[in-house]
>>> print(open('coords-v8.tsv').read())   # TSV, C-alpha atoms and all ligand atoms
chain	number	residue	atom	x	y	z
A	1	MET	CA	0.00	0.00	0.00
A	2	ALA	CA	1.11	3.52	-0.67
A	3	ILE	CA	-0.06	7.07	-0.27
A	4	ARG	CA	-0.10	8.45	-3.81
A	5	LYS	CA	0.49	11.95	-5.10
A	6	ILE	CA	-2.79	13.76	-5.90
A	7	ALA	CA	-3.20	15.42	-9.30
A	8	ARG	CA	-4.15	19.10	-9.16
A	9	MET	CA	-6.46	21.15	-11.38
A	10	GLY	CA	-4.69	21.84	-14.66
A	11	HIS	CA	-3.23	18.34	-15.06
A	12	PRO	CA	-4.70	16.66	-18.18
A	13	VAL	CA	-5.46	13.41	-16.28
A	14	LEU	CA	-8.28	15.30	-14.52
A	15	ARG	CA	-9.82	16.41	-17.83
A	16	GLY	CA	-10.01	13.04	-19.57
A	17	VAL	CA	-12.78	10.44	-19.62
A	18	ALA	CA	-11.70	7.44	-17.52
A	19	LYS	CA	-11.86	3.92	-18.94
A	20	PRO	CA	-14.18	1.12	-17.74
A	21	VAL	CA	-12.42	-1.51	-15.62
A	22	PRO	CA	-12.54	-4.82	-17.52
A	23	ASP	CA	-12.09	-7.06	-14.44
A	24	PRO	CA	-12.94	-5.45	-11.08
A	25	THR	CA	-11.51	-8.47	-9.20
A	26	ALA	CA	-8.06	-8.32	-10.83
A	27	PRO	CA	-5.13	-8.12	-8.37
A	28	GLU	CA	-3.91	-4.79	-9.82
A	29	VAL	CA	-7.38	-3.33	-9.21
A	30	GLN	CA	-7.25	-4.48	-5.56
A	31	ALA	CA	-3.85	-2.79	-5.17
A	32	LEU	CA	-5.08	0.43	-6.78
A	33	VAL	CA	-8.20	0.50	-4.57
A	34	ARG	CA	-6.06	0.05	-1.43
A	35	ASP	CA	-3.87	2.98	-2.50
A	36	MET	CA	-6.95	5.12	-3.19
A	37	ILE	CA	-8.38	4.44	0.27
A	38	GLU	CA	-5.06	5.08	1.98
A	39	THR	CA	-4.55	8.32	0.02
A	40	MET	CA	-8.11	9.54	0.73
A	41	ILE	CA	-7.83	8.89	4.46
A	42	ASP	CA	-4.37	10.47	4.67
A	43	ALA	CA	-5.67	13.60	2.88
A	44	ASN	CA	-8.82	13.66	5.05
A	45	GLY	CA	-11.13	13.57	2.03
A	46	ALA	CA	-14.75	12.37	1.81
A	47	GLY	CA	-14.02	10.73	-1.52
A	48	LEU	CA	-11.45	10.10	-4.21
A	49	ALA	CA	-11.60	9.09	-7.87
A	50	ALA	CA	-8.85	7.08	-9.58
A	51	PRO	CA	-7.91	9.86	-12.05
A	52	GLN	CA	-6.98	12.01	-9.04
A	53	ILE	CA	-4.01	9.70	-8.47
A	54	TYR	CA	-3.11	9.64	-12.20
A	55	GLU	CA	-4.99	6.35	-12.86
A	56	PRO	CA	-7.57	6.89	-15.64
A	57	TRP	CA	-9.99	4.12	-14.58
A	58	ARG	CA	-13.67	4.27	-13.58
A	59	ILE	CA	-13.18	3.70	-9.84
A	60	VAL	CA	-14.35	5.90	-6.95
A	61	VAL	CA	-14.11	5.57	-3.16
A	62	PHE	CA	-16.17	7.66	-0.75
A	63	GLN	CA	-17.93	7.78	2.58
A	64	ALA	CA	-20.95	9.71	3.85
A	65	PRO	CA	-20.84	9.68	7.64
A	66	PRO	CA	-24.10	9.86	9.67
A	67	GLU	CA	-23.14	13.23	11.18
A	68	ARG	CA	-23.61	14.78	7.72
A	69	ALA	CA	-27.24	13.59	7.53
A	70	PRO	CA	-29.96	16.12	8.41
A	71	GLU	CA	-31.70	15.55	11.74
A	72	GLU	CA	-35.23	16.27	10.55
A	73	VAL	CA	-35.70	13.32	8.14
A	74	ASP	CA	-37.36	10.06	9.20
A	75	GLU	CA	-35.33	6.97	10.00
A	76	GLU	CA	-35.86	5.21	6.70
A	77	GLU	CA	-34.83	8.19	4.61
A	78	ALA	CA	-31.95	9.07	6.94
A	79	PHE	CA	-30.42	5.74	5.89
A	80	ASP	CA	-30.13	7.08	2.31
A	81	HIS	CA	-28.04	9.99	3.58
A	82	THR	CA	-25.23	7.83	4.92
A	83	ALA	CA	-22.73	5.44	3.38
A	84	PRO	CA	-19.92	3.45	4.93
A	85	LEU	CA	-16.56	3.48	3.15
A	86	THR	CA	-17.64	2.38	-0.33
A	87	VAL	CA	-15.67	1.35	-3.40
A	88	LEU	CA	-17.56	1.59	-6.69
A	89	ILE	CA	-16.11	0.27	-9.91
A	90	ASN	CA	-17.75	1.24	-13.23
A	91	PRO	CA	-20.44	3.29	-11.43
A	92	GLU	CA	-23.68	4.44	-13.04
A	93	ILE	CA	-26.02	7.16	-11.76
A	94	GLU	CA	-29.76	7.50	-12.31
A	95	PHE	CA	-31.32	10.75	-11.06
A	96	LEU	CA	-34.56	10.27	-9.10
A	97	THR	CA	-35.59	13.93	-9.09
A	98	GLU	CA	-34.94	17.20	-10.90
A	99	GLU	CA	-34.66	19.01	-7.57
A	100	THR	CA	-31.25	20.49	-6.85
A	101	GLU	CA	-29.73	21.98	-3.73
A	102	LYS	CA	-26.63	24.09	-3.25
A	103	GLY	CA	-23.96	22.94	-0.83
A	104	TRP	CA	-20.29	23.66	-0.13
A	105	GLU	CA	-17.74	21.36	-1.72
A	106	GLY	CA	-14.02	21.06	-1.72
A	107	CYS	CA	-11.77	18.81	-3.75
A	108	LEU	CA	-8.35	17.31	-3.05
A	109	SER	CA	-7.40	18.30	-6.62
A	110	VAL	CA	-8.43	21.94	-6.02
A	111	PRO	CA	-6.68	22.50	-2.68
A	112	GLY	CA	-7.50	25.47	-0.49
A	113	LEU	CA	-10.79	26.37	-2.21
A	114	ARG	CA	-14.48	25.84	-1.47
A	115	GLY	CA	-17.43	26.35	-3.77
A	116	SER	CA	-21.20	26.31	-3.44
A	117	VAL	CA	-22.38	23.75	-6.00
A	118	PRO	CA	-25.94	22.82	-7.04
A	119	ARG	CA	-26.44	19.04	-7.07
A	120	VAL	CA	-29.41	16.75	-7.63
A	121	THR	CA	-30.82	15.78	-4.21
A	122	ALA	CA	-31.74	12.12	-4.86
A	123	LEU	CA	-30.33	9.44	-7.11
A	124	ARG	CA	-29.80	5.73	-7.48
A	125	TYR	CA	-26.31	4.42	-8.17
A	126	ARG	CA	-25.04	1.07	-9.28
A	127	GLY	CA	-21.55	-0.35	-9.50
A	128	VAL	CA	-19.35	-3.32	-8.73
A	129	THR	CA	-17.14	-3.89	-5.68
A	130	PRO	CA	-13.56	-5.18	-5.84
A	131	LYS	CA	-15.04	-8.58	-4.83
A	132	GLY	CA	-17.16	-8.55	-7.98
A	133	GLU	CA	-20.42	-7.98	-6.08
A	134	ARG	CA	-23.02	-5.59	-7.45
A	135	ILE	CA	-24.02	-2.58	-5.34
A	136	GLU	CA	-27.25	-0.67	-5.88
A	137	ARG	CA	-28.26	2.11	-3.49
A	138	VAL	CA	-30.49	5.15	-3.22
A	139	ALA	CA	-28.59	8.24	-2.08
A	140	ARG	CA	-29.84	11.60	-0.82
A	141	GLY	CA	-28.31	14.81	0.44
A	142	PHE	CA	-24.57	14.73	1.17
A	143	HIS	CA	-24.40	11.07	0.11
A	144	ALA	CA	-25.89	11.96	-3.31
A	145	ARG	CA	-23.58	15.00	-3.50
A	146	VAL	CA	-20.36	13.06	-2.88
A	147	VAL	CA	-21.34	10.40	-5.44
A	148	GLN	CA	-22.01	13.08	-8.10
A	149	HIS	CA	-18.74	14.86	-7.27
A	150	GLU	CA	-16.65	11.67	-7.49
A	151	CYS	CA	-18.36	10.31	-10.61
A	152	ASP	CA	-17.87	13.69	-12.32
A	153	HIS	CA	-14.10	13.10	-11.94
A	154	LEU	CA	-14.50	10.02	-14.17
A	155	ASP	CA	-15.81	12.27	-16.94
A	156	GLY	CA	-13.16	14.96	-16.55
A	157	ILE	CA	-15.38	17.40	-14.63
A	158	LEU	CA	-14.27	19.37	-11.56
A	159	TYR	CA	-16.81	21.01	-9.23
A	160	PRO	CA	-16.15	24.64	-10.34
A	161	GLN	CA	-17.54	23.61	-13.75
A	162	ARG	CA	-20.84	22.77	-12.03
A	163	MET	CA	-21.12	26.14	-10.28
A	164	GLU	CA	-23.65	28.77	-11.32
A	165	ASP	CA	-22.15	31.69	-9.42
A	166	LEU	CA	-18.38	32.01	-9.20
A	167	THR	CA	-18.66	34.66	-6.49
A	168	GLU	CA	-19.32	31.57	-4.34
A	169	LEU	CA	-15.86	30.15	-5.12
A	170	ILE	CA	-13.76	31.14	-2.12
A	171	PHE	CA	-10.63	30.27	-0.22
A	172	GLU	CA	-11.22	27.85	2.64
A	173	SER	CA	-9.36	30.25	4.91
A	174	GLU	CA	-12.00	32.93	4.17
A	175	ALA	CA	-15.03	30.66	4.71
A	176	ARG	CA	-15.72	32.01	8.19
A	177	VAL	CA	-15.58	35.61	6.96
A	178	TRP	CA	-17.71	34.81	3.90
A	179	LEU	CA	-20.38	33.06	5.95
A	180	ALA	CA	-20.47	35.88	8.49
A	181	ALA	CA	-20.94	38.41	5.67
A	182	HIS	CA	-23.75	36.37	4.05
A	183	ALA	CA	-25.58	35.19	7.18
A	184	PRO	CA	-29.13	36.48	7.54
A	185	ALA	CA	-29.19	39.38	9.98
A	186	LYS	CA	-29.58	38.10	13.50
A	187	GLU	CA	-32.34	39.42	15.65
A	188	GLN	CA	-31.17	41.84	18.23
A	189	ASP	CA	-31.52	40.50	21.72
A	190	ASN	CA	-31.74	43.48	24.03
A	191	GLY	CA	-33.30	41.52	26.87
B	201	NI	NI	-12.82	16.01	-6.09
>>> encode(input="coords-v8.tsv", output="structure tokens")
Amino acid sequence: MAIRKIARMGHPVLRGVAKPVPDPTAPEVQALVRDMIETMIDANGAGLAAPQIYEPWRIVVFQAPPERAPEEVDEEEAFDHTAPLTVLINPEIEFLTEETEKGWEGCLSVPGLRGSVPRVTALRYRGVTPKGERIERVARGFHARVVQHECDHLDGILYPQRMEDLTELIFESEARVWLAAHAPAKEQDNG
């Protein structure tokens, strides 16, 4: 296993269309997946796509922890908001709604920046695991967002290309200042 170097915006490997994996159970695929997971965890990312470590194959890894799920949804739907560490080979996405929602994203290939990106709020994805098993899941919220972000990498798309308003592309170090400036005015409490 090895922590790999992460490609940064501007490198052609991030702009290409990644190739389908002919045999998801092949030993070299297992080795690549292990490196992807190790690299993602080391970089503290929510997800990673193979092209980000200079490997132009249709493989993504991601996780959607329960703390990112909204509190107000019922138990059954809350399940769709979370995902354990997941490896998807040759993933496919089917949108379940036309509804989109903006949310802040970052990317290990676009270090230091954050952008507010509209994403479809519910989808179904399918793919194959490194054991050759098929996965099919419904994803909502952050889970749906991370899947769209990672699968975009397989088609050469980085999140700024999905943004509608580039005034919402900011440095991470300015996020606190930006949010303070854009927060709705708080009610005065003179009590
Ligand atoms: Ni990314």
>>> closest_atom_pairs(input="coords-v8.tsv", of="chain A", to="ligand NI 201 (chain B)", cutoff="10 Å", atoms="only C-alpha atoms and all ligand atoms", output="CSV")
residue,atom,partner,partner_atom,distance
A:Arg8,CA,B:NI201,NI,9.7
A:Met9,CA,B:NI201,NI,9.7
A:Leu14,CA,B:NI201,NI,9.6
A:Gly45,CA,B:NI201,NI,8.6
A:Ala46,CA,B:NI201,NI,8.9
A:Gly47,CA,B:NI201,NI,7.1
A:Leu48,CA,B:NI201,NI,6.4
A:Ala49,CA,B:NI201,NI,7.2
A:Pro51,CA,B:NI201,NI,9.9
A:Gln52,CA,B:NI201,NI,7.7
A:Glu105,CA,B:NI201,NI,8.5
A:Gly106,CA,B:NI201,NI,6.8
A:Cys107,CA,B:NI201,NI,3.8
A:Leu108,CA,B:NI201,NI,5.6
A:Ser109,CA,B:NI201,NI,5.9
A:Val110,CA,B:NI201,NI,7.4
A:Pro111,CA,B:NI201,NI,9.6
A:Val146,CA,B:NI201,NI,8.7
A:Gln148,CA,B:NI201,NI,9.9
A:His149,CA,B:NI201,NI,6.1
A:Glu150,CA,B:NI201,NI,6.0
A:Cys151,CA,B:NI201,NI,9.1
A:Asp152,CA,B:NI201,NI,8.3
A:His153,CA,B:NI201,NI,6.7
A:Ile157,CA,B:NI201,NI,9.0
A:Leu158,CA,B:NI201,NI,6.6
A:Tyr159,CA,B:NI201,NI,7.1
>>> closest_residue(input="coords-v8.tsv", among="A:Leu166, A:Ala181, A:Val128, A:Ala26", to="Val60 in chain A", atoms="only C-alpha atoms")
A:Val128
>>> closest_residue(input="coords-v8.tsv", among="A:Ala144, A:Arg176, A:Thr167, A:Ala18", to="Phe79 in chain A", atoms="all atoms listed in the file")
A:Ala144
>>> atom_distance(input="coords-v8.tsv", atom1="CA of Lys102 in chain A", atom2="CA of Ala139 in chain A")
16.0 Å
>>> residues_around(input="coords-v8.tsv", residues="Arg68 in chain A", least_positions_apart="6", cutoff="10 Å", atoms="all atoms listed in the file", output="list in words")
His81, Thr82, Gly141, Phe142 and His143 of chain A
>>> closest_residue(input="coords-v8.tsv", among="A:Asp23, A:Thr86, A:Glu101, A:Val29", to="Glu136 in chain A", atoms="all atoms listed in the file")
A:Thr86
>>> closest_residue(input="coords-v8.tsv", among="A:Pro70, A:Gly16, A:Gly103, A:Pro65", to="Pro84 in chain A", atoms="all atoms listed in the file")
A:Pro65
>>> residues_around(input="coords-v8.tsv", residues="Gly115 in chain A", least_positions_apart="2", cutoff="7 Å", atoms="only C-alpha atoms", output="PyMOL selection string")
chain A and resi 104-106+113+117+160+168-170
>>> atom_distance(input="coords-v8.tsv", atom1="CA of Leu32 in chain A", atom2="CA of Ala64 in chain A")
21.2 Å
>>> closest_residue(input="coords-v8.tsv", among="A:Tyr54, A:Phe62, A:Tyr125, A:Phe171", to="Glu92 in chain A", atoms="all atoms listed in the file")
A:Tyr125
>>> atom_distance(input="coords-v8.tsv", atom1="CA of Leu85 in chain A", atom2="CA of Ala122 in chain A")
19.2 Å
>>> axis_aligned_box(input="coords-v8.tsv", around="range 48-65 of chain A", padding_each_side="5 Å", output="lines of an AutoDock Vina configuration file")
center_x = -12.0
center_y = 7.9
center_z = -4.0
size_x = 27.8
size_y = 18.3
size_z = 33.3
>>> closest_residue(input="coords-v8.tsv", among="A:Asp74, A:Glu28, A:Asp80, A:Glu67", to="Glu55 in chain A", atoms="all atoms listed in the file")
A:Glu28
>>> decode(input="coords-v8.tsv", residues="range 17-29 of chain A", atoms="C-alpha atoms", output="PDB file, in the first residue's frame")
ATOM      1  CA  VAL A  17     -12.782  10.438 -19.617  1.00  0.00           C
ATOM      2  CA  ALA A  18     -11.702   7.444 -17.519  1.00  0.00           C
ATOM      3  CA  LYS A  19     -11.855   3.919 -18.937  1.00  0.00           C
ATOM      4  CA  PRO A  20     -14.183   1.121 -17.738  1.00  0.00           C
ATOM      5  CA  VAL A  21     -12.424  -1.515 -15.616  1.00  0.00           C
ATOM      6  CA  PRO A  22     -12.540  -4.824 -17.524  1.00  0.00           C
ATOM      7  CA  ASP A  23     -12.089  -7.064 -14.440  1.00  0.00           C
ATOM      8  CA  PRO A  24     -12.938  -5.452 -11.077  1.00  0.00           C
ATOM      9  CA  THR A  25     -11.514  -8.465  -9.197  1.00  0.00           C
ATOM     10  CA  ALA A  26      -8.064  -8.321 -10.831  1.00  0.00           C
ATOM     11  CA  PRO A  27      -5.126  -8.115  -8.375  1.00  0.00           C
ATOM     12  CA  GLU A  28      -3.911  -4.789  -9.823  1.00  0.00           C
ATOM     13  CA  VAL A  29      -7.380  -3.325  -9.206  1.00  0.00           C
TER      14      VAL A  29
END
